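Q: Sharing work.pdb, PDB, C-alpha atoms:
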ATOM      1  CA  MET U   1     124.212  88.830 124.391
ATOM      2  CA  ASN U   2     121.829  91.185 122.564
ATOM      3  CA  ARG U   3     118.939  90.080 120.354
ATOM      4  CA  LEU U   4     120.864  90.560 117.071
ATOM      5  CA  THR U   5     123.787  88.460 118.323
ATOM      6  CA  MET U   6     121.437  85.695 119.451
ATOM      7  CA  THR U   7     119.672  85.714 116.085
ATOM      8  CA  LEU U   8     122.960  85.398 114.234
ATOM      9  CA  ALA U   9     124.096  82.547 116.501
ATOM     10  CA  VAL U  10     120.866  80.611 115.946
ATOM     11  CA  ALA U  11     121.149  81.155 112.178
ATOM     12  CA  LEU U  12     124.741  79.855 112.171
ATOM     13  CA  LEU U  13     123.784  76.746 114.154
ATOM     14  CA  ALA U  14     120.893  76.045 111.811
ATOM     15  CA  GLY U  15     123.217  76.399 108.847
ATOM     16  CA  CYS U  16     125.728  73.987 110.359
ATOM     17  CA  ALA U  17     123.026  71.410 111.080
ATOM     18  CA  GLY U  18     121.734  71.724 107.548
ATOM     19  CA  GLY U  19     125.260  71.237 106.249
ATOM     20  CA  PHE U  20     125.706  68.088 108.331
ATOM     21  CA  GLU U  21     122.465  66.667 106.928
ATOM     22  CA  ARG U  22     123.499  67.445 103.363
ATOM     23  CA  ASP U  23     126.934  65.895 103.850
ATOM     24  CA  ALA U  24     125.609  62.690 105.442
ATOM     25  CA  PRO U  25     125.483  59.886 102.828
ATOM     26  CA  GLU U  26     122.124  58.367 102.024
ATOM     27  CA  PRO U  27     121.772  54.805 103.362
ATOM     28  CA  ALA U  28     121.984  52.028 100.795
ATOM     29  CA  LEU U  29     118.655  50.312 100.067
ATOM     30  CA  TYR U  30     118.282  46.542  99.835
ATOM     31  CA  VAL U  31     115.588  44.060  98.814
ATOM     32  CA  LEU U  32     115.211  40.320  99.367
ATOM     33  CA  THR U  33     115.500  37.931  96.429
ATOM     34  CA  ALA U  34     112.467  35.755  95.768
ATOM     35  CA  PRO U  35     113.446  32.077  95.475
ATOM     36  CA  ARG U  36     112.468  30.523  92.156
ATOM     37  CA  VAL U  37     110.667  27.181  91.913
ATOM     38  CA  GLU U  38     110.339  25.347  88.624
ATOM     39  CA  ALA U  39     106.682  25.033  87.662
ATOM     40  CA  THR U  40     107.273  21.448  86.537
ATOM     41  CA  ALA U  41     108.135  20.493  90.115
ATOM     42  CA  MET U  42     104.492  20.852  91.173
ATOM     43  CA  VAL U  43     100.991  20.602  89.708
ATOM     44  CA  ARG U  44      98.604  23.385  88.730
ATOM     45  CA  LEU U  45      96.172  24.120  91.559
ATOM     46  CA  PRO U  46      92.674  25.600  91.159
ATOM     47  CA  SER U  47      93.488  28.064  93.921
ATOM     48  CA  ASP U  48      93.580  31.845  94.311
ATOM     49  CA  LEU U  49      96.029  32.676  97.083
ATOM     50  CA  ILE U  50      96.352  35.762  99.252
ATOM     51  CA  VAL U  51      99.693  36.419 100.991
ATOM     52  CA  LEU U  52      98.949  38.555 104.021
ATOM     53  CA  ARG U  53     101.359  41.231 105.182
ATOM     54  CA  PRO U  54     103.734  39.399 107.548
ATOM     55  CA  ALA U  55     103.703  40.071 111.270
ATOM     56  CA  LEU U  56     107.183  41.016 112.480
ATOM     57  CA  ALA U  57     108.849  40.913 115.879
ATOM     58  CA  PRO U  58     108.803  44.478 117.303
ATOM     59  CA  ALA U  59     112.514  45.067 116.689
ATOM     60  CA  LEU U  60     112.100  44.112 113.024
ATOM     61  CA  ALA U  61     109.019  46.205 112.225
ATOM     62  CA  THR U  62     111.000  48.955 110.530
ATOM     63  CA  GLU U  63     112.934  49.776 107.368
ATOM     64  CA  ARG U  64     116.172  49.509 109.363
ATOM     65  CA  MET U  65     118.342  46.376 109.187
ATOM     66  CA  ALA U  66     118.652  44.759 112.579
ATOM     67  CA  THR U  67     121.783  43.457 114.296
ATOM     68  CA  ARG U  68     121.944  41.332 117.441
ATOM     69  CA  TRP U  69     124.715  41.632 120.038
ATOM     70  CA  PRO U  70     125.694  39.850 123.284
ATOM     71  CA  GLY U  71     123.082  40.224 125.986
ATOM     72  CA  ASN U  72     120.280  40.131 123.373
ATOM     73  CA  ARG U  73     120.928  43.772 122.530
ATOM     74  CA  ILE U  74     119.381  44.882 119.247
ATOM     75  CA  ASP U  75     120.907  47.620 117.113
ATOM     76  CA  TYR U  76     120.695  48.710 113.466
ATOM     77  CA  TYR U  77     123.097  49.463 110.636
ATOM     78  CA  ALA U  78     123.426  53.210 110.183
ATOM     79  CA  ASP U  79     124.123  53.103 106.457
ATOM     80  CA  ALA U  80     121.724  50.398 105.236
ATOM     81  CA  ARG U  81     117.949  50.126 104.952
ATOM     82  CA  TRP U  82     115.417  47.770 103.448
ATOM     83  CA  SER U  83     113.719  49.320 100.431
ATOM     84  CA  GLY U  84     110.544  49.642 102.527
ATOM     85  CA  ASP U  85     109.040  48.338 105.719
ATOM     86  CA  ALA U  86     110.588  44.909 106.290
ATOM     87  CA  GLY U  87     107.155  43.263 106.332
ATOM     88  CA  LEU U  88     106.337  44.605 102.878
ATOM     89  CA  VAL U  89     109.745  43.526 101.557
ATOM     90  CA  VAL U  90     109.178  39.950 102.811
ATOM     91  CA  GLN U  91     105.612  39.926 101.456
ATOM     92  CA  ALA U  92     106.688  41.102  98.001
ATOM     93  CA  ALA U  93     109.366  38.403  97.784
ATOM     94  CA  LEU U  94     106.939  35.654  98.817
ATOM     95  CA  VAL U  95     104.296  36.807  96.325
ATOM     96  CA  GLU U  96     106.852  36.869  93.513
ATOM     97  CA  SER U  97     108.156  33.427  94.427
ATOM     98  CA  LEU U  98     104.708  31.832  94.639
ATOM     99  CA  ARG U  99     103.739  33.358  91.308
ATOM    100  CA  SER U 100     106.900  32.034  89.714
ATOM    101  CA  THR U 101     105.820  28.445  90.403
ATOM    102  CA  GLY U 102     102.934  28.721  87.940
ATOM    103  CA  ASN U 103     100.948  26.492  90.290
ATOM    104  CA  TYR U 104      98.185  28.971  91.159
ATOM    105  CA  GLN U 105      95.380  30.682  89.311
ATOM    106  CA  SER U 106      96.482  33.875  91.030
ATOM    107  CA  VAL U 107      98.670  35.062  93.894
ATOM    108  CA  GLU U 108      98.068  38.521  95.348
ATOM    109  CA  ALA U 109      98.996  40.685  98.323
ATOM    110  CA  ASP U 110      95.789  42.748  98.267
ATOM    111  CA  PRO U 111      92.820  40.796  99.693
ATOM    112  CA  GLY U 112      90.359  43.265  98.169
ATOM    113  CA  ARG U 113      91.208  42.591  94.520
ATOM    114  CA  PHE U 114      89.469  39.235  94.117
ATOM    115  CA  ARG U 115      87.900  36.354  96.027
ATOM    116  CA  PRO U 116      90.671  34.060  97.270
ATOM    117  CA  THR U 117      90.330  30.399  98.116
ATOM    118  CA  HIS U 118      93.334  30.253 100.457
ATOM    119  CA  VAL U 119      95.383  32.544 102.694
ATOM    120  CA  LEU U 120      99.057  32.454 103.691
ATOM    121  CA  GLY U 121     100.063  34.229 106.892
ATOM    122  CA  VAL U 122     103.700  34.591 107.967
ATOM    123  CA  GLU U 123     105.326  35.685 111.213
ATOM    124  CA  VAL U 124     108.957  36.815 111.072
ATOM    125  CA  SER U 125     110.748  36.424 114.395
ATOM    126  CA  ARG U 126     114.327  36.819 113.140
ATOM    127  CA  LEU U 127     115.768  38.651 110.140
ATOM    128  CA  GLU U 128     119.071  39.925 111.431
ATOM    129  CA  ALA U 129     122.848  39.891 111.441
ATOM    130  CA  ASP U 130     123.899  38.132 114.635
ATOM    131  CA  TYR U 131     127.177  39.325 116.207
ATOM    132  CA  THR U 132     126.838  37.407 119.475
ATOM    133  CA  ASN U 133     129.643  34.980 118.599
ATOM    134  CA  GLY U 134     132.168  37.226 116.931
ATOM    135  CA  ALA U 135     133.046  40.221 114.806
ATOM    136  CA  VAL U 136     131.795  38.599 111.591
ATOM    137  CA  PRO U 137     128.048  38.057 111.856
ATOM    138  CA  VAL U 138     125.792  35.131 111.053
ATOM    139  CA  ALA U 139     122.648  35.975 109.088
ATOM    140  CA  ARG U 140     119.652  34.401 110.801
ATOM    141  CA  VAL U 141     116.092  34.106 109.488
ATOM    142  CA  VAL U 142     113.200  32.467 111.343
ATOM    143  CA  MET U 143     109.638  32.535 110.009
ATOM    144  CA  THR U 144     106.411  30.741 110.909
ATOM    145  CA  ALA U 145     103.898  30.100 108.150
ATOM    146  CA  THR U 146     100.194  29.299 108.410
ATOM    147  CA  VAL U 147      98.013  28.252 105.470
ATOM    148  CA  ALA U 148      94.262  28.556 105.862
ATOM    149  CA  ARG U 149      91.103  28.316 103.815
ATOM    150  CA  HIS U 150      89.262  31.481 102.907
ATOM    151  CA  PRO U 151      86.814  32.861 104.003
ATOM    152  CA  ASP U 152      86.431  30.697 107.114
ATOM    153  CA  ARG U 153      90.208  30.957 107.868
ATOM    154  CA  ARG U 154      90.274  27.313 108.893
ATOM    155  CA  SER U 155      93.930  26.503 109.523
ATOM    156  CA  LEU U 156      95.320  23.767 107.299
ATOM    157  CA  SER U 157      98.977  23.736 108.319
ATOM    158  CA  THR U 158     101.434  25.688 110.471
ATOM    159  CA  TRP U 159     105.190  25.233 110.457
ATOM    160  CA  THR U 160     108.368  27.116 111.309
ATOM    161  CA  VAL U 161     111.371  27.459 109.031
ATOM    162  CA  SER U 162     114.820  28.749 109.871
ATOM    163  CA  ALA U 163     118.049  29.342 108.016
ATOM    164  CA  GLU U 164     121.435  30.825 108.788
ATOM    165  CA  ARG U 165     124.447  31.793 106.716
ATOM    166  CA  GLN U 166     127.879  32.921 107.861
ATOM    167  CA  ALA U 167     128.830  36.237 106.270
ATOM    168  CA  ALA U 168     132.144  36.136 104.403
ATOM    169  CA  ASP U 169     133.327  39.239 106.247
ATOM    170  CA  ASN U 170     131.987  42.197 108.192
ATOM    171  CA  THR U 171     131.046  44.376 105.231
ATOM    172  CA  LEU U 172     127.561  45.395 104.171
ATOM    173  CA  THR U 173     128.040  43.617 100.858
ATOM    174  CA  ALA U 174     128.867  40.325 102.575
ATOM    175  CA  VAL U 175     126.272  40.677 105.333
ATOM    176  CA  THR U 176     123.390  41.543 103.016
ATOM    177  CA  ALA U 177     124.381  38.703 100.697
ATOM    178  CA  ALA U 178     124.257  36.292 103.651
ATOM    179  CA  LEU U 179     120.871  37.662 104.760
ATOM    180  CA  ASP U 180     119.509  37.280 101.256
ATOM    181  CA  GLU U 181     120.778  33.710 100.956
ATOM    182  CA  ALA U 182     119.325  32.746 104.354
ATOM    183  CA  PHE U 183     115.998  34.327 103.450
ATOM    184  CA  ARG U 184     115.831  32.504 100.107
ATOM    185  CA  SER U 185     116.432  29.186 101.842
ATOM    186  CA  ALA U 186     113.706  29.776 104.445
ATOM    187  CA  ALA U 187     111.267  31.265 101.931
ATOM    188  CA  LEU U 188     111.675  28.283  99.611
ATOM    189  CA  GLU U 189     110.457  26.012 102.405
ATOM    190  CA  ILE U 190     107.433  28.260 102.873
ATOM    191  CA  VAL U 191     106.650  28.223  99.147
ATOM    192  CA  THR U 192     106.866  24.437  98.824
ATOM    193  CA  GLY U 193     105.029  23.869 102.115
ATOM    194  CA  THR U 194     102.227  26.225 101.100
ATOM    195  CA  THR U 195     101.693  24.473  97.795
ATOM    196  CA  GLY U 196     101.746  21.098  99.500
ATOM    197  CA  ALA U 197      99.182  22.140 102.131
ATOM    198  CA  ILE U 198      96.822  23.661  99.564
ATOM    199  CA  GLY U 199      97.164  20.658  97.273
ATOM    200  CA  THR U 200      96.283  18.288 100.120
ATOM    201  CA  ASP U 201      93.279  20.430 101.030
ATOM    202  CA  LEU U 202      91.945  20.525  97.472
ATOM    203  CA  ARG U 203      92.321  16.774  97.051
ATOM    204  CA  SER U 204      90.337  16.201 100.254
ATOM    205  CA  GLN U 205      87.372  18.253  99.086
ATOM    206  CA  PRO U 206      84.460  16.466  97.417
TER     207      PRO U 206
END
Represent the structure from my file as structure tokens, please.
A:
Amino acid sequence: MNRLTMTLAVALLAGCAGGFERDAPEPALYVLTAPRVEATAMVRLPSDLIVLRPALAPALATERMATRWPGNRIDYYADARWSGDAGLVVQAALVESLRSTGNYQSVEADPGRFRPTHVLGVEVSRLEADYTNGAVPVARVVMTATVARHPDRRSLSTWTVSAERQAADNTLTAVTAALDEAFRSAALEIVTGTTGAIGTDLRSQP
């Protein structure tokens, strides 16, 4: 093969690859719904709260949506993504939910914007569609929350929440709906537990 023939072959391959990329559909983007809590359900707290960026299990620290298979094998949906890094998506939903309570002076994700009185840290160990028991997955969410004082970071309370929802069928619409519902259930426990821990701490202070 002479140099001209090789050049043409490389150009054709590059064109084909570019065509494949253009023809491939963009993955659908998803967010998590922040659970709403009625402000009348709790009291106003003289607290400024920071929600730290959650720590995620290694397989979850990505924009890709995780699936679990027999043998603890982790995979990802090819045509679905979170709207950003999964940790940021979880953080945004928690901030929105805590703000919606109306129980805080402020709730922020950026610790540099003001001087907080309390800090919420969250670890996400499961946020996945679990196929280990069949062709229709179960959405599973497991998170551990820790509330601490700021700036000494003295821990006030740590607890783990979990939720699961059976998807209606094995479609992205059904699976993402189940994930969202499971997340809302677990996040609601974090929101109410956080407010309870901070309220107890404030009442104990002189």
Q: Applied to the shown file, which residues does the PyMOL selection byres ((chain U and resi 136) around 9) return, written as a ChimeraX atom specification?
A: /U:130-131,133-135,137-138,166-171,175
Q: Output the selection as a compact mmCIF listing (two decimals), in the frame of the given file - C-alpha atoms for each residue.
A:
# COMPACT_ATOMS: atom_id res chain seq x y z
CA ASP U 130 123.90 38.13 114.64
CA TYR U 131 127.18 39.33 116.21
CA ASN U 133 129.64 34.98 118.60
CA GLY U 134 132.17 37.23 116.93
CA ALA U 135 133.05 40.22 114.81
CA PRO U 137 128.05 38.06 111.86
CA VAL U 138 125.79 35.13 111.05
CA GLN U 166 127.88 32.92 107.86
CA ALA U 167 128.83 36.24 106.27
CA ALA U 168 132.14 36.14 104.40
CA ASP U 169 133.33 39.24 106.25
CA ASN U 170 131.99 42.20 108.19
CA THR U 171 131.05 44.38 105.23
CA VAL U 175 126.27 40.68 105.33
Q: What is the distance between CA of Arg113 in chain U and CA of Arg53 in chain U, in Å to one decimal?
A: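 Interatomic distance, CA of Arg113 in chain U to CA of Arg53 in chain U: 14.8 Å.
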Q: List every residue of range 42-87 of chain U that has an atom at most 12 Å from any atom of range 192-205 of chain U, and for each one report the closest atom pair and its distance in Å to one decimal, counting all atoms listed in the file, with rows sorted by chain and then by increasing residue number, as CSV.
A:
residue,atom,partner,partner_atom,distance
U:Met42,CA,U:Thr195,CA,8.0
U:Val43,CA,U:Gly199,CA,8.5
U:Arg44,CA,U:Gly199,CA,9.1
U:Leu45,CA,U:Gly199,CA,6.8
U:Pro46,CA,U:Leu202,CA,8.1
U:Ser47,CA,U:Ile198,CA,7.9
U:Asp48,CA,U:Ile198,CA,10.3
U:Leu49,CA,U:Ile198,CA,9.4
U:Ile50,CA,U:Thr194,CA,11.4
U:Val51,CA,U:Thr194,CA,10.5
Q: Taking C-alpha atoms for each residue, export the selection above as a CSV table (one decimal), in the coordinates of the input.
A:
chain,number,residue,atom,x,y,z
U,42,MET,CA,104.5,20.9,91.2
U,43,VAL,CA,101.0,20.6,89.7
U,44,ARG,CA,98.6,23.4,88.7
U,45,LEU,CA,96.2,24.1,91.6
U,46,PRO,CA,92.7,25.6,91.2
U,47,SER,CA,93.5,28.1,93.9
U,48,ASP,CA,93.6,31.8,94.3
U,49,LEU,CA,96.0,32.7,97.1
U,50,ILE,CA,96.4,35.8,99.3
U,51,VAL,CA,99.7,36.4,101.0
Q: If the PyMOL selection byres ((chain U and resi 177-183) around 9) is run on the structure shown, which residues does it catch, given as JSON, numbers by chain?
A: {"U": [31, 32, 33, 34, 35, 90, 127, 128, 129, 138, 139, 140, 141, 142, 162, 163, 164, 165, 166, 167, 168, 172, 173, 174, 175, 176, 184, 185, 186, 187, 188]}
Q: Between CA of Val191 in chain U and CA of Val89 in chain U, what is the spacing in Å?
A: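 Straight-line distance from CA of Val89 in chain U to CA of Val191 in chain U works out to 15.8 Å.
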Q: As an exercise, work out the distance from CA of Leu60 in chain U to CA of Glu96 in chain U in Å and give it to one decimal place.
A: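 Calculated distance between CA of Leu60 in chain U and CA of Glu96 in chain U is 21.5 Å.
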Q: Excluding Arg99 in chain U and residues on its chain fewer than 3 positions from it, collect all residues at most 10 Å away from it, counting all atoms listed in the file, and give them as a list of chain:residue names.
A: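 Once the nearby chain positions are removed, what remains is U:Arg36, U:Val37, U:Ala39, U:Leu49, U:Ala93, U:Leu94, U:Val95, U:Glu96, U:Gly102, U:Asn103, U:Tyr104, U:Gln105, U:Ser106, U:Val107, U:Glu108, U:Val191.
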Q: Take every atom of range 70-86 of chain U listed in the file, pad by 8 Å on each side, and give me the axis-aligned box centre and edge lengths in Å, one decimal, as lines of an AutoDock Vina configuration file.
A:
center_x = 117.4
center_y = 46.5
center_z = 113.2
size_x = 32.7
size_y = 29.4
size_z = 41.6
Q: Between U:Asp85, U:Glu63, U:Asp75, U:Glu123, single out the one closest to Pro27 in chain U, counting all atoms listed in the file.
A: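 Distance minimum relative to Pro27 in chain U lands on U:Glu63.
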Q: Could you give me, as a PDB file with C-alpha atoms, in the frame of the given file, the residues within 9 Å of Gly84 in chain U, counting only C-alpha atoms and dropping anything in the same chain fewer than 3 positions from it?
A:
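To be explicit, this is the file written out as result-v2.pdb:
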ATOM      1  CA  LEU U  29     118.655  50.312 100.067  1.00  0.00           C
ATOM      2  CA  TYR U  30     118.282  46.542  99.835  1.00  0.00           C
ATOM      3  CA  VAL U  31     115.588  44.060  98.814  1.00  0.00           C
ATOM      4  CA  THR U  62     111.000  48.955 110.530  1.00  0.00           C
ATOM      5  CA  GLU U  63     112.934  49.776 107.368  1.00  0.00           C
ATOM      6  CA  ARG U  64     116.172  49.509 109.363  1.00  0.00           C
ATOM      7  CA  ARG U  81     117.949  50.126 104.952  1.00  0.00           C
ATOM      8  CA  GLY U  87     107.155  43.263 106.332  1.00  0.00           C
ATOM      9  CA  LEU U  88     106.337  44.605 102.878  1.00  0.00           C
ATOM     10  CA  VAL U  89     109.745  43.526 101.557  1.00  0.00           C
TER      11      VAL U  89
END
Q: Go through U:Ala55, U:Ala86, U:Leu98, U:Ala78 and flag the residue nearest Gly121 in chain U, using only C-alpha atoms for the distances.
A: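 Looking at the shortest contact to Gly121 in chain U, the residue is U:Ala55.
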Q: For this file, the PyMOL selection byres ((chain U and resi 57) around 9) selects which residues, as a list in words?
A: Ala55, Leu56, Pro58, Ala59, Leu60, Ala61, Glu123, Val124, Ser125 and Arg126 of chain U
Q: Name the residues in contact with Ala28 in chain U at a cut-off of 9 Å, using all atoms listed in the file, excluding same-chain residues fewer than 3 positions from it; report them as a list in words.
A: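 Residues near the query, excluding close chain neighbours: Pro25, Asp79, Ala80, Arg81, Trp82 and Ser83 of chain U.
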Q: Contacts of Leu52 in chain U at 8 Å or less, counting all atoms listed in the file, minus same-chain residues fewer than 5 places along, as number ranges by chain?
A: U: 91, 109-111, 119-122
